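In what follows, a single structure is set out as structure tokens and then discussed.
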Amino acid sequence: MVRVGIYGSTGYTGFELIKLLVRHPDVEIAFATARSAAGQRLCDIFPTLIDQPLVSGDRADLSTVDLIFTCLPHNTPDLIPIVRNALDAGVRVVDFSDTFRISDPARYAYWRKKDHPAPDLQSHAVYGLPEHYREQIRSARLVANTGCYPLTVIYPLYPLVQAGLIAEGTVIADSKSGVSGAGRSLSLKTHFGETHETFSAYNVGRTHRHIAEMEQETGLHLIFSPHLLPVYRGILSTIYVTLKPGVSHADVRAAYAIYANEPFIHLMPEGRLPELRHVANTMDVAIGVQPVEPERGSYILVACVDNLVKGASGQAVQNMNLMLGLEETSGLR
């Protein structure tokens, strides 16, 4: 058995992570931290039978664990000290925030409008996309778990980029997320009365912080339009691309053979497109490819993930499995 600790256990991703780990055959949770809920149990906070005690961060004993998950919000002041203390203690880290996802310090400063708070740690972090960085993750001490929106853009575009099929120009990604993607903290925009029976766009164009990840991993220039769906979980992205002259539909389908042996990535059959019900509560990524005007190279890609599982906590477990030498799919089937 390996022992892990969790910082930030009462957010949606922390709760989802605990649900996965208690079923994992090779893992024991040594501690799970919370701030306002310290001293209570998980079943006091969520409708669950999981009787996990919650402790304050200062009672988390790093000497008892092999790896920690930091499920803390972006820009949490405690994050850097927690990560640094863990690494100094020889404990590996999977971080859920976007603090370490952007590898170039200049790009980080451009998108975050400030310098990186720990450039020495940033330079050692591996982007936590197992299908693309499997070997680097195995030996990594710090893994930056991927963002949920970026997965639905990177996964469908990457094979076409690798095959050199996409023409120069801007790619448009039109994405829709369930309200759990905004986290559990109180916010007017995610109240039931504000989301029920409506549909809204936000941070459209070139303003959303996740564009940095998407462009870093694809090398493309993107216009990104996120939307808030009146559902709890799931992300669906519709991506509009133009391919180079002479690219056939067979070339496009063949490019996705790069994922043929991946356990969680699935190319939909010809003529079918994915929907949220295909992936809810699973680790699956469903990708659909639709020609629009093939003679002009116009294609639409559609991709879905469960934002709390493959888009966050399940991805973190997959990364943990690689880092600790466990079966990659263990606890995730």
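Starting from 1 in every chain, residues are counted up; chains themselves are A, B, ... following the order of the structure tokens, and ligands are numbered from 1 as listed.
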Shell of 10 Å around Arg92 of chain A, only C-alpha atoms, local chain residues under 5 positions omitted, as a PyMOL selection string: chain A and resi 4+65-69+83+86-87+139-143+320+323-324
Using only C-alpha atoms, what table do you get, as a tab-separated table, when you list each residue of segment 247-304 of chain A with an atom no more than 10 Å from segment 171-181 of chain A, its nearest pair of atoms, and their distance in Å rounded to one decimal, rows by chain then rising number?
```
residue	atom	partner	partner_atom	distance
A:Leu276	CA	A:Gly178	CA	9.9
A:Ile300	CA	A:Ala173	CA	9.8
A:Leu301	CA	A:Ala173	CA	9.2
A:Val302	CA	A:Ser175	CA	9.5
A:Ala303	CA	A:Ser175	CA	9.3
A:Cys304	CA	A:Lys176	CA	9.6
```
For Thr70 of chain A: contacts at 7 Å, only C-alpha atoms, fewer than 2 positions along chain excluded, given as a count of residues only: 8
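Distances from A:Pro73, A:Pro130, A:Pro291, A:Gly297 to Thr13 of chain A were compared using only C-alpha atoms, and the smallest one belongs to A:Pro73.
Minimum distance to Thr242 of chain A across A:Gly311, A:Pro159, A:Gly11, A:Pro294 (counting only C-alpha atoms) occurs at A:Pro294.
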Those in segment 124-261 of chain A with alpha helix (DSSP H) from DSSP, as an MDAnalysis selection string: chainID A and resid 130:139 148:162 192:195 211:218 249:255
If you take only C-alpha atoms and a cut-off of 8 Å, which residues of segment 8-123 of chain A touch segment 208-217 of chain A, and what are their nearest atom pairs and distances in Å to one decimal, in chain and number order, as a tab-separated table?
```
residue	atom	partner	partner_atom	distance
A:Arg101	CA	A:Glu213	CA	6.8
A:Ile102	CA	A:Glu213	CA	6.4
A:Arg107	CA	A:Ala212	CA	7.5
A:Tyr108	CA	A:Ala212	CA	8.0
A:Trp111	CA	A:Arg209	CA	6.6
A:Arg112	CA	A:Arg209	CA	7.5
```
Contacts of Ala34 of chain A at 8 Å (only C-alpha atoms; same-chain gap of 4+ positions) as a PyMOL selection string: chain A and resi 7-10+38+54-57
